$ cat data08.cif   # mmCIF, C-alpha atoms and all ligand atoms
data_query
#
loop_
_atom_site.group_PDB
_atom_site.id
_atom_site.type_symbol
_atom_site.label_atom_id
_atom_site.label_comp_id
_atom_site.auth_asym_id
_atom_site.auth_seq_id
_atom_site.Cartn_x
_atom_site.Cartn_y
_atom_site.Cartn_z
ATOM 1 C CA MET C 1 7.961 -2.732 -3.858
ATOM 2 C CA THR C 2 10.482 -5.158 -5.251
ATOM 3 C CA VAL C 3 9.789 -8.138 -7.401
ATOM 4 C CA PRO C 4 11.920 -10.737 -9.133
ATOM 5 C CA GLY C 5 15.015 -9.405 -10.832
ATOM 6 C CA GLU C 6 14.020 -5.813 -10.222
ATOM 7 C CA GLU C 7 16.290 -3.336 -8.514
ATOM 8 C CA LYS C 8 15.027 -1.854 -5.307
ATOM 9 C CA ALA C 9 11.771 -0.039 -5.592
ATOM 10 C CA SER C 10 9.329 0.805 -2.878
ATOM 11 C CA ASP C 11 6.006 2.117 -1.884
ATOM 12 C CA ASP C 12 6.802 4.981 0.387
ATOM 13 C CA GLY C 13 5.643 3.972 3.825
ATOM 14 C CA GLU C 14 6.908 7.238 5.279
ATOM 15 C CA SER C 15 4.717 9.420 3.170
ATOM 16 C CA THR C 16 1.609 9.006 5.309
ATOM 17 C CA ASP C 17 2.822 11.769 7.588
ATOM 18 C CA GLY C 18 1.943 14.179 4.802
ATOM 19 C CA SER C 19 5.201 16.059 5.081
ATOM 20 C CA ASP C 20 6.815 14.937 1.882
ATOM 21 C CA SER C 21 8.420 17.173 -0.698
ATOM 22 C CA ASN C 22 6.974 18.330 -4.014
ATOM 23 C CA ARG C 23 4.470 20.733 -2.603
ATOM 24 C CA SER C 24 4.528 24.456 -2.067
ATOM 25 C CA ASP C 25 5.028 25.979 1.369
ATOM 26 C CA ASP C 26 1.383 27.030 1.422
ATOM 27 C CA GLN C 27 0.231 23.496 0.903
ATOM 28 C CA ARG C 28 2.782 22.197 3.354
ATOM 29 C CA SER C 29 1.538 24.335 6.221
ATOM 30 C CA ALA C 30 -1.797 22.540 6.497
ATOM 31 C CA PRO C 31 -0.545 19.052 7.376
ATOM 32 C CA SER C 32 2.209 20.329 9.680
ATOM 33 C CA ASP C 33 -0.346 22.443 11.586
ATOM 34 C CA ALA C 34 -2.581 19.422 11.776
ATOM 35 C CA PHE C 35 0.150 17.296 13.279
ATOM 36 C CA ALA C 36 1.112 20.061 15.710
ATOM 37 C CA ALA C 37 -2.464 19.830 16.982
ATOM 38 C CA LEU C 38 -1.752 16.187 17.858
ATOM 39 C CA SER C 39 1.478 16.925 19.744
ATOM 40 C CA ASP C 40 0.115 16.325 23.270
ATOM 41 C CA PRO C 41 -0.691 12.727 24.328
ATOM 42 C CA LEU C 42 -3.852 13.999 26.023
ATOM 43 C CA ARG C 43 -5.174 15.070 22.633
ATOM 44 C CA ILE C 44 -4.660 11.576 21.275
ATOM 45 C CA ASP C 45 -6.541 10.266 24.345
ATOM 46 C CA ILE C 46 -9.406 12.631 23.539
ATOM 47 C CA LEU C 47 -9.591 11.384 19.928
ATOM 48 C CA ARG C 48 -9.532 7.778 21.087
ATOM 49 C CA ALA C 49 -12.236 8.484 23.680
ATOM 50 C CA LEU C 50 -14.462 10.072 21.028
ATOM 51 C CA SER C 51 -13.892 7.042 18.806
ATOM 52 C CA ALA C 52 -14.604 4.605 21.674
ATOM 53 C CA HIS C 53 -17.785 6.498 22.554
ATOM 54 C CA HIS C 54 -18.977 6.246 18.954
ATOM 55 C CA ARG C 55 -18.125 2.551 18.795
ATOM 56 C CA THR C 56 -19.711 1.530 22.087
ATOM 57 C CA THR C 57 -22.850 3.691 22.090
ATOM 58 C CA ASP C 58 -23.481 4.094 18.357
ATOM 59 C CA GLU C 59 -23.772 7.827 18.946
ATOM 60 C CA ALA C 60 -21.202 10.175 17.480
ATOM 61 C CA ASP C 61 -21.813 13.085 19.869
ATOM 62 C CA ILE C 62 -20.762 13.218 23.499
ATOM 63 C CA GLY C 63 -21.155 16.070 25.992
ATOM 64 C CA PHE C 64 -18.173 17.912 27.468
ATOM 65 C CA ALA C 65 -18.491 16.450 30.994
ATOM 66 C CA ASP C 66 -18.976 12.880 29.776
ATOM 67 C CA LEU C 67 -16.034 13.175 27.413
ATOM 68 C CA ARG C 68 -13.810 14.579 30.172
ATOM 69 C CA ARG C 69 -14.810 11.691 32.451
ATOM 70 C CA ARG C 70 -14.075 9.154 29.718
ATOM 71 C CA VAL C 71 -10.609 10.594 29.196
ATOM 72 C CA GLY C 72 -10.087 10.780 32.968
ATOM 73 C CA VAL C 73 -8.920 14.387 33.363
ATOM 74 C CA ARG C 74 -9.909 16.253 36.542
ATOM 75 C CA ASP C 75 -8.758 19.710 35.510
ATOM 76 C CA SER C 76 -11.620 21.069 33.420
ATOM 77 C CA GLY C 77 -9.667 24.113 32.173
ATOM 78 C CA ARG C 78 -6.740 21.998 30.987
ATOM 79 C CA PHE C 79 -9.121 19.553 29.317
ATOM 80 C CA ARG C 80 -11.008 22.364 27.562
ATOM 81 C CA TYR C 81 -7.730 23.859 26.300
ATOM 82 C CA HIS C 82 -6.614 20.609 24.658
ATOM 83 C CA LEU C 83 -10.080 19.846 23.281
ATOM 84 C CA ASN C 84 -10.166 23.299 21.678
ATOM 85 C CA GLU C 85 -6.784 22.679 20.062
ATOM 86 C CA LEU C 86 -8.365 19.724 18.247
ATOM 87 C CA ARG C 87 -11.430 21.633 17.091
ATOM 88 C CA GLY C 88 -11.785 22.445 13.427
ATOM 89 C CA GLN C 89 -9.424 19.848 12.027
ATOM 90 C CA PHE C 90 -10.193 16.727 14.084
ATOM 91 C CA VAL C 91 -13.125 17.480 16.352
ATOM 92 C CA GLU C 92 -16.311 19.439 15.712
ATOM 93 C CA LYS C 93 -18.766 20.903 18.188
ATOM 94 C CA THR C 94 -22.412 20.082 17.620
ATOM 95 C CA ASP C 95 -25.650 20.875 19.481
ATOM 96 C CA ASP C 96 -25.207 17.637 21.432
ATOM 97 C CA GLY C 97 -21.538 17.975 22.291
ATOM 98 C CA TYR C 98 -18.429 16.933 20.400
ATOM 99 C CA ARG C 99 -17.699 14.436 17.629
ATOM 100 C CA LEU C 100 -14.818 13.377 15.405
ATOM 101 C CA THR C 101 -14.515 14.944 11.967
ATOM 102 C CA HIS C 102 -13.661 12.735 8.988
ATOM 103 C CA ALA C 103 -9.974 13.625 9.489
ATOM 104 C CA GLY C 104 -10.315 12.753 13.193
ATOM 105 C CA ILE C 105 -11.720 9.323 12.341
ATOM 106 C CA GLN C 106 -8.818 8.736 9.943
ATOM 107 C CA VAL C 107 -6.222 9.777 12.512
ATOM 108 C CA VAL C 108 -7.656 7.394 15.104
ATOM 109 C CA ALA C 109 -7.625 4.591 12.514
ATOM 110 C CA ALA C 110 -3.997 5.381 11.662
ATOM 111 C CA ILE C 111 -3.018 5.378 15.336
ATOM 112 C CA ILE C 112 -4.739 2.031 15.820
ATOM 113 C CA ALA C 113 -3.008 0.666 12.710
ATOM 114 C CA GLY C 114 0.257 1.615 14.432
ATOM 115 C CA THR C 115 1.589 3.496 11.446
ATOM 116 C CA TYR C 116 3.268 6.093 13.628
ATOM 117 C CA THR C 117 4.246 4.170 16.719
ATOM 118 C CA GLU C 118 4.593 0.418 17.176
ATOM 119 C CA SER C 119 7.465 -1.700 15.954
ATOM 120 C CA ILE C 120 7.120 -5.449 15.435
ATOM 121 C CA SER C 121 9.706 -7.711 13.784
ATOM 122 C CA MET C 122 9.456 -11.283 12.526
ATOM 123 C CA GLY C 123 11.891 -13.599 10.784
ATOM 124 C CA PRO C 124 13.927 -14.070 8.741
ATOM 125 C CA ASN C 125 12.221 -17.424 8.114
ATOM 126 C CA GLU C 126 12.042 -19.727 5.124
ATOM 127 C CA LEU C 127 8.724 -19.830 3.298
ATOM 128 C CA ASP C 128 7.238 -22.883 1.611
ATOM 129 C CA SER C 129 8.318 -21.438 -1.729
ATOM 130 C CA GLN C 130 11.395 -21.271 -3.949
ATOM 131 C CA CYS C 131 13.327 -18.414 -5.464
ATOM 132 C CA PRO C 132 12.711 -18.673 -9.255
ATOM 133 C CA PHE C 133 16.301 -17.622 -9.984
ATOM 134 C CA CYS C 134 18.363 -19.978 -7.812
ATOM 135 C CA GLU C 135 15.739 -22.472 -6.572
ATOM 136 C CA GLN C 136 16.749 -21.969 -2.956
ATOM 137 C CA ALA C 137 14.081 -21.322 -0.336
ATOM 138 C CA ALA C 138 12.408 -17.932 -0.345
ATOM 139 C CA ILE C 139 13.101 -16.138 2.966
ATOM 140 C CA ALA C 140 10.686 -13.624 4.475
ATOM 141 C CA THR C 141 11.388 -10.871 7.016
ATOM 142 C CA TYR C 142 9.074 -8.294 8.572
ATOM 143 C CA GLU C 143 10.778 -5.261 10.073
ATOM 144 C CA ASP C 144 9.853 -1.610 10.659
ATOM 145 C CA GLY C 145 6.504 -2.048 8.943
ATOM 146 C CA ILE C 146 8.039 -3.556 5.787
ATOM 147 C CA CYS C 147 7.621 -7.154 4.659
ATOM 148 C CA PHE C 148 10.358 -8.332 2.314
ATOM 149 C CA VAL C 149 11.173 -11.632 0.660
ATOM 150 C CA THR C 150 14.579 -12.642 -0.631
ATOM 151 C CA CYS C 151 16.772 -15.784 -0.774
ATOM 152 C CA ASP C 152 20.267 -16.811 0.357
ATOM 153 C CA ASP C 153 21.633 -15.392 -2.897
ATOM 154 C CA ASN C 154 19.957 -12.064 -2.182
ATOM 155 C CA HIS C 155 17.525 -12.163 -5.086
ATOM 156 C CA ALA C 156 14.947 -9.525 -4.222
ATOM 157 C CA LEU C 157 11.581 -11.222 -4.687
ATOM 158 C CA PHE C 158 9.041 -8.920 -3.078
ATOM 159 C CA GLN C 159 8.694 -5.934 -0.770
ATOM 160 C CA TRP C 160 5.676 -4.060 0.584
ATOM 161 C CA SER C 161 4.629 -2.241 3.728
ATOM 162 C CA VAL C 162 2.167 -3.713 6.236
ATOM 163 C CA PRO C 163 0.887 -1.633 9.169
ATOM 164 C CA PRO C 164 2.060 -3.093 12.517
ATOM 165 C CA ASN C 165 -1.496 -3.561 13.783
ATOM 166 C CA ALA C 166 -2.210 -5.899 10.878
ATOM 167 C CA SER C 167 0.821 -8.013 11.755
ATOM 168 C CA ALA C 168 0.019 -8.480 15.460
ATOM 169 C CA ASP C 169 -0.924 -12.084 16.404
ATOM 170 C CA THR C 170 -0.175 -13.415 12.921
ATOM 171 C CA THR C 171 2.487 -15.661 11.441
ATOM 172 C CA LEU C 172 5.120 -14.466 9.011
ATOM 173 C CA PRO C 173 3.578 -16.352 6.034
ATOM 174 C CA GLU C 174 0.279 -14.618 6.835
ATOM 175 C CA VAL C 175 2.019 -11.237 6.824
ATOM 176 C CA VAL C 176 3.521 -12.091 3.416
ATOM 177 C CA ASP C 177 0.047 -12.994 2.088
ATOM 178 C CA LEU C 178 -1.397 -9.767 3.468
ATOM 179 C CA ALA C 179 1.476 -7.704 2.032
ATOM 180 C CA GLN C 180 0.804 -9.215 -1.394
ATOM 181 C CA MET C 181 -2.904 -8.512 -1.174
ATOM 182 C CA LEU C 182 -2.178 -4.890 -0.203
ATOM 183 C CA ALA C 183 0.330 -4.634 -3.056
ATOM 184 C CA PHE C 184 -2.163 -5.944 -5.624
ATOM 185 C CA GLN C 185 -4.817 -3.537 -4.370
ATOM 186 C CA ALA C 186 -2.341 -0.658 -4.561
ATOM 187 C CA ILE C 187 -1.296 -1.571 -8.119
ATOM 188 C CA ASP C 188 -4.932 -1.831 -9.168
ATOM 189 C CA GLN C 189 -5.751 1.527 -7.590
ATOM 190 C CA THR C 190 -2.649 3.138 -9.100
ATOM 191 C CA LEU C 191 -3.677 1.952 -12.567
ATOM 192 C CA LEU C 192 -7.039 3.668 -11.980
ATOM 193 C CA GLY C 193 -5.062 6.883 -11.461
ATOM 194 C CA VAL C 194 -5.629 7.124 -7.698
ATOM 195 C CA CYS C 195 -2.680 7.257 -5.257
ATOM 196 C CA PRO C 196 -2.860 4.250 -2.900
ATOM 197 C CA GLN C 197 -1.589 6.361 0.022
ATOM 198 C CA CYS C 198 -3.225 9.792 -0.198
ATOM 199 C CA TYR C 199 -5.951 9.222 -2.834
ATOM 200 C CA ASP C 200 -4.833 12.178 -4.939
ATOM 201 C CA THR C 201 -4.454 11.616 -8.674
ATOM 202 C CA ILE C 202 -1.358 9.709 -9.751
ATOM 203 C CA GLU C 203 0.079 9.189 -13.222
ATOM 204 C CA THR C 204 1.378 5.851 -14.352
ATOM 205 C CA THR C 205 4.009 5.325 -17.017
ATOM 206 C CA VAL C 206 5.744 2.429 -18.669
ATOM 207 C CA MET C 207 9.392 3.073 -19.463
ATOM 208 C CA ALA C 208 10.756 0.947 -22.247
ATOM 209 C CA ASP C 209 14.242 1.084 -23.718
ATOM 210 C CA GLU C 210 15.526 -1.420 -26.199
ATOM 211 C CA GLY C 211 17.703 -3.967 -24.428
ATOM 212 C CA SER C 212 16.388 -3.351 -20.926
ATOM 213 C CA ARG C 213 13.399 -4.622 -19.084
ATOM 214 C CA PRO C 214 10.255 -2.479 -19.393
ATOM 215 C CA VAL C 215 9.367 -0.884 -16.064
ATOM 216 C CA PHE C 216 6.027 0.248 -14.685
ATOM 217 C CA ARG C 217 6.317 3.363 -12.550
ATOM 218 C CA ALA C 218 4.027 5.722 -10.654
ATOM 219 C CA VAL C 219 5.148 8.433 -8.229
ATOM 220 C CA CYS C 220 2.622 10.590 -6.402
ATOM 221 C CA ASP C 221 3.395 14.321 -6.683
ATOM 222 C CA THR C 222 1.344 14.990 -3.568
ATOM 223 C CA CYS C 223 2.656 12.502 -0.987
ATOM 224 C CA GLY C 224 5.686 10.917 -2.682
ATOM 225 C CA ALA C 225 4.293 7.370 -2.644
ATOM 226 C CA GLN C 226 5.886 5.143 -5.280
ATOM 227 C CA VAL C 227 4.838 1.999 -7.057
ATOM 228 C CA VAL C 228 7.671 0.716 -9.233
ATOM 229 C CA GLY C 229 8.254 -2.690 -10.756
ATOM 230 C CA PRO C 230 8.204 -4.767 -13.909
ATOM 231 C CA VAL C 231 5.376 -4.406 -16.419
ATOM 232 C CA ALA C 232 4.229 -7.837 -15.239
ATOM 233 C CA PHE C 233 2.515 -5.907 -12.397
ATOM 234 C CA CYS C 234 0.011 -4.556 -14.865
ATOM 235 C CA LEU C 235 -0.755 -8.073 -16.045
ATOM 236 C CA LEU C 236 -1.232 -9.534 -12.569
ATOM 237 C CA VAL C 237 -4.199 -7.288 -11.814
ATOM 238 C CA ASP C 238 -5.836 -7.651 -15.250
ATOM 239 C CA PRO C 239 -9.016 -9.772 -14.986
ATOM 240 C CA ASP C 240 -8.417 -11.660 -18.257
ATOM 241 C CA VAL C 241 -4.802 -12.482 -17.403
ATOM 242 C CA ALA C 242 -5.902 -13.464 -13.891
ATOM 243 C CA ALA C 243 -8.553 -15.780 -15.371
ATOM 244 C CA PHE C 244 -5.955 -17.356 -17.674
ATOM 245 C CA CYS C 245 -3.611 -17.901 -14.712
ATOM 246 C CA ARG C 246 -6.423 -19.327 -12.589
ATOM 247 C CA LYS C 247 -7.220 -21.811 -15.329
ATOM 248 C CA HIS C 248 -3.614 -22.980 -14.998
ATOM 249 C CA GLY C 249 -3.725 -23.189 -11.217
ATOM 250 C CA LEU C 250 -2.110 -19.852 -10.315
ATOM 251 C CA THR C 251 -4.003 -17.195 -8.356
ATOM 252 C CA VAL C 252 -2.826 -14.015 -6.693
ATOM 253 C CA ARG C 253 -4.645 -15.143 -3.557
ATOM 254 C CA ASP C 254 -2.947 -18.533 -3.176
ATOM 255 C CA ASP C 255 0.379 -18.125 -4.961
ATOM 256 C CA HIS C 256 3.302 -15.800 -4.422
ATOM 257 C CA ILE C 257 4.031 -13.011 -6.853
ATOM 258 C CA TRP C 258 7.477 -14.454 -7.713
ATOM 259 C CA GLU C 259 5.872 -17.832 -8.563
ATOM 260 C CA PHE C 260 4.141 -16.429 -11.656
ATOM 261 C CA PRO C 261 6.590 -17.388 -14.447
ATOM 262 C CA PHE C 262 6.078 -14.173 -16.437
ATOM 263 C CA VAL C 263 6.971 -12.044 -13.402
ATOM 264 C CA ALA C 264 10.380 -13.642 -13.016
ATOM 265 C CA ASP C 265 11.042 -14.047 -16.746
ATOM 266 C CA ASP C 266 12.069 -11.074 -18.884
ATOM 267 C CA ALA C 267 11.873 -12.936 -22.176
ATOM 268 C CA GLY C 268 8.139 -12.545 -22.706
ATOM 269 C CA PHE C 269 8.195 -8.758 -23.142
ATOM 270 C CA THR C 270 8.743 -7.163 -26.561
ATOM 271 C CA ILE C 271 8.686 -3.415 -27.259
ATOM 272 C CA ILE C 272 6.543 -3.019 -30.388
ATOM 273 C CA ASP C 273 6.426 0.778 -30.268
ATOM 274 C CA GLU C 274 8.437 3.379 -28.358
ATOM 275 C CA ASP C 275 6.355 6.500 -28.956
ATOM 276 C CA PRO C 276 3.780 6.010 -27.661
ATOM 277 C CA VAL C 277 5.041 2.979 -25.819
ATOM 278 C CA ARG C 278 3.422 -0.346 -26.553
ATOM 279 C CA ILE C 279 4.676 -3.616 -25.143
ATOM 280 C CA GLU C 280 3.659 -7.062 -26.231
ATOM 281 C CA CYS C 281 3.697 -9.561 -23.382
ATOM 282 C CA THR C 282 3.584 -13.301 -23.794
ATOM 283 C CA VAL C 283 2.188 -15.264 -20.897
ATOM 284 C CA SER C 284 2.874 -18.978 -21.315
ATOM 285 C CA LEU C 285 1.548 -21.538 -18.873
ATOM 286 C CA ASP C 286 1.379 -25.309 -19.442
ATOM 287 C CA ASN C 287 1.956 -24.978 -23.225
ATOM 288 C CA GLU C 288 -0.836 -22.450 -23.601
ATOM 289 C CA THR C 289 -0.032 -18.861 -24.520
ATOM 290 C CA LEU C 290 -1.848 -15.593 -23.964
ATOM 291 C CA THR C 291 -0.555 -12.532 -25.800
ATOM 292 C CA VAL C 292 -1.309 -9.184 -24.191
ATOM 293 C CA THR C 293 -0.533 -5.616 -25.228
ATOM 294 C CA VAL C 294 0.209 -2.984 -22.592
ATOM 295 C CA ASP C 295 0.147 0.749 -23.397
ATOM 296 C CA GLY C 296 2.351 3.577 -22.120
ATOM 297 C CA ARG C 297 0.242 4.010 -18.992
ATOM 298 C CA GLY C 298 0.401 0.334 -18.057
ATOM 299 C CA HIS C 299 -3.123 -0.461 -19.185
ATOM 300 C CA VAL C 300 -3.743 -3.822 -20.808
ATOM 301 C CA ASP C 301 -5.489 -2.897 -24.038
ATOM 302 C CA ARG C 302 -5.540 -5.974 -26.212
ATOM 303 C CA ILE C 303 -5.642 -9.657 -25.465
ATOM 304 C CA HIS C 304 -5.255 -12.410 -27.975
ATOM 305 C CA PRO C 305 -7.204 -15.491 -26.988
ATOM 306 C CA PRO C 306 -5.077 -18.394 -25.847
ATOM 307 C CA ASP C 307 -3.548 -20.392 -28.706
ATOM 308 C CA LYS C 308 -2.847 -24.048 -28.297
ATOM 309 C CA LYS C 309 0.774 -24.750 -29.170
HETATM 310 ZN ZN ZN B 1 17.554 -16.686 -5.348
HETATM 311 ZN ZN ZN B 2 -0.175 10.228 -2.807
#

$ encode --input "data08.cif" --output "structure tokens" --more "lines below"
Ligand SMILES: [Zn+2]
Ligand SMILES: [Zn+2]
Amino acid sequence: MTVPGEEKASDDGESTDGSDSNRSDDQRSAPSDAFAALSDPLRIDILRALSAHHRTTDEADIGFADLRRRVGVRDSGRFRYHLNELRGQFVEKTDDGYRLTHAGIQVVAAIIAGTYTESISMGPNELDSQCPFCEQAAIATYEDGICFVTCDDNHALFQWSVPPNASADTTLPEVVDLAQMLAFQAIDQTLLGVCPQCYDTIETTVMADEGSRPVFRAVCDTCGAQVVGPVAFCLLVDPDVAAFCRKHGLTVRDDHIWEFPFVADDAGFTIIDEDPVRIECTVSLDNETLTVTVDGRGHVDRIHPPDKK
């Protein structure tokens, strides 16, 4: 993810294939075996048929013959072979037939989301918004599952991934809004210590060096997902800061991330301690100021009530 004035940073859209680094060979074998089981298009058809059966009949289980008919395969032996290849990881056999496992349900959802397949592009188009640095129009582009916003002077304003399925039949401004909502959710979840991609535990840190902008950073050891950006991220998802912003007419639902003055402005952040890190952040809107302290994990831990200037 990229936000105003920040160098490139990203959430790792590639990591959902589970094959990222930072894991031992033992751990690595499980996901690669799982994806080998999905190598034949017929197996994907079987998963989709099981999902469709569940959706349309409200019953999870379906008998062998009915399932084979749904998928449309005449050769019973060939069908049985591929169905068996899915058993264990994605499909389980029950007394009443076959059903998707939890992993099977997730794979079907991921296929429908288009994470692994489709490619849709939109833009570049101007948004009804200005770059806070040069006051030119903000320009959005959606490409290869990534929504990014910049300007003619190449100020990087925002970047986040949006699954292709979510961007079908929508406009580019709607994709930008969705990308922001997904980004806020991911930041919130990351601050709770849960990886937004694989749901394993993730550690968050704030890196602060005198003379440079404090940076919030989380990298998942399990899947490689990254959330990196200015400490202002941590403020955006804090309920008290959000309430203060709302009072001054700014909400994360209706306004763009780069339109929050404290996101674009470095001046409001002061390092008050380096070990452990503590940062004092000043959020000023319409002559009212909120002072917030953020700790070394990016948690907002003290808020001074707004002072009238
Ligand atoms: Zn600009
Ligand atoms: Zn992860």

$ residues_near_ligand --input "data08.cif" --ligand "ligand ZN 2 (chain B)" --cutoff "6 Å" --atoms "all atoms listed in the file" --output "VMD selection string"
chain C and resid 195 197 to 200 220 222 to 225

$ residues_near_ligand --input "data08.cif" --ligand "ligand ZN 1 (chain B)" --cutoff "10 Å" --atoms "only C-alpha atoms and all ligand atoms" --output "VMD selection string"
chain C and resid 4 to 5 130 to 139 150 to 157

$ resolve_selection --input "data08.cif" --expression "the PyMOL selection byres (((chain C and resi 282-297) around 10) and not hetatm)" --output "PyMOL selection string"
chain C and resi 191+193+203-208+216-218+231-232+234-235+240-241+244-245+247-250+260-263+265+267-281+298-309

$ residues_around --input "data08.cif" --residues "C:Leu67" --least-positions-apart "6" --cutoff "8 Å" --atoms "all atoms listed in the file" --output "list in words"
Ile46, Ala49 and Leu50 of chain C

$ atom_distance --input "data08.cif" --atom1 "atom CA of C:Val175" --atom2 "atom CA of C:Val149"
11.0 Å

$ residues_around --input "data08.cif" --residues "C:Ser51" --least-positions-apart "3" --cutoff "9 Å" --atoms "all atoms listed in the file" --output "list in words"
Ile46, Leu47, Arg48, His54, Arg55, Thr56, Ala60, Arg99, Leu100, Gly104, Ile105 and Val108 of chain C

$ write_last_selection --input "data08.cif" --atoms "C-alpha atoms" --output "short mmCIF file (atom, residue, chain, number, x, y, z; two decimals), in the frame of the given file"
data_model
loop_
_atom_site.label_atom_id
_atom_site.label_comp_id
_atom_site.auth_asym_id
_atom_site.auth_seq_id
_atom_site.Cartn_x
_atom_site.Cartn_y
_atom_site.Cartn_z
CA ILE C 46 -9.41 12.63 23.54
CA LEU C 47 -9.59 11.38 19.93
CA ARG C 48 -9.53 7.78 21.09
CA HIS C 54 -18.98 6.25 18.95
CA ARG C 55 -18.12 2.55 18.80
CA THR C 56 -19.71 1.53 22.09
CA ALA C 60 -21.20 10.18 17.48
CA ARG C 99 -17.70 14.44 17.63
CA LEU C 100 -14.82 13.38 15.40
CA GLY C 104 -10.32 12.75 13.19
CA ILE C 105 -11.72 9.32 12.34
CA VAL C 108 -7.66 7.39 15.10
#
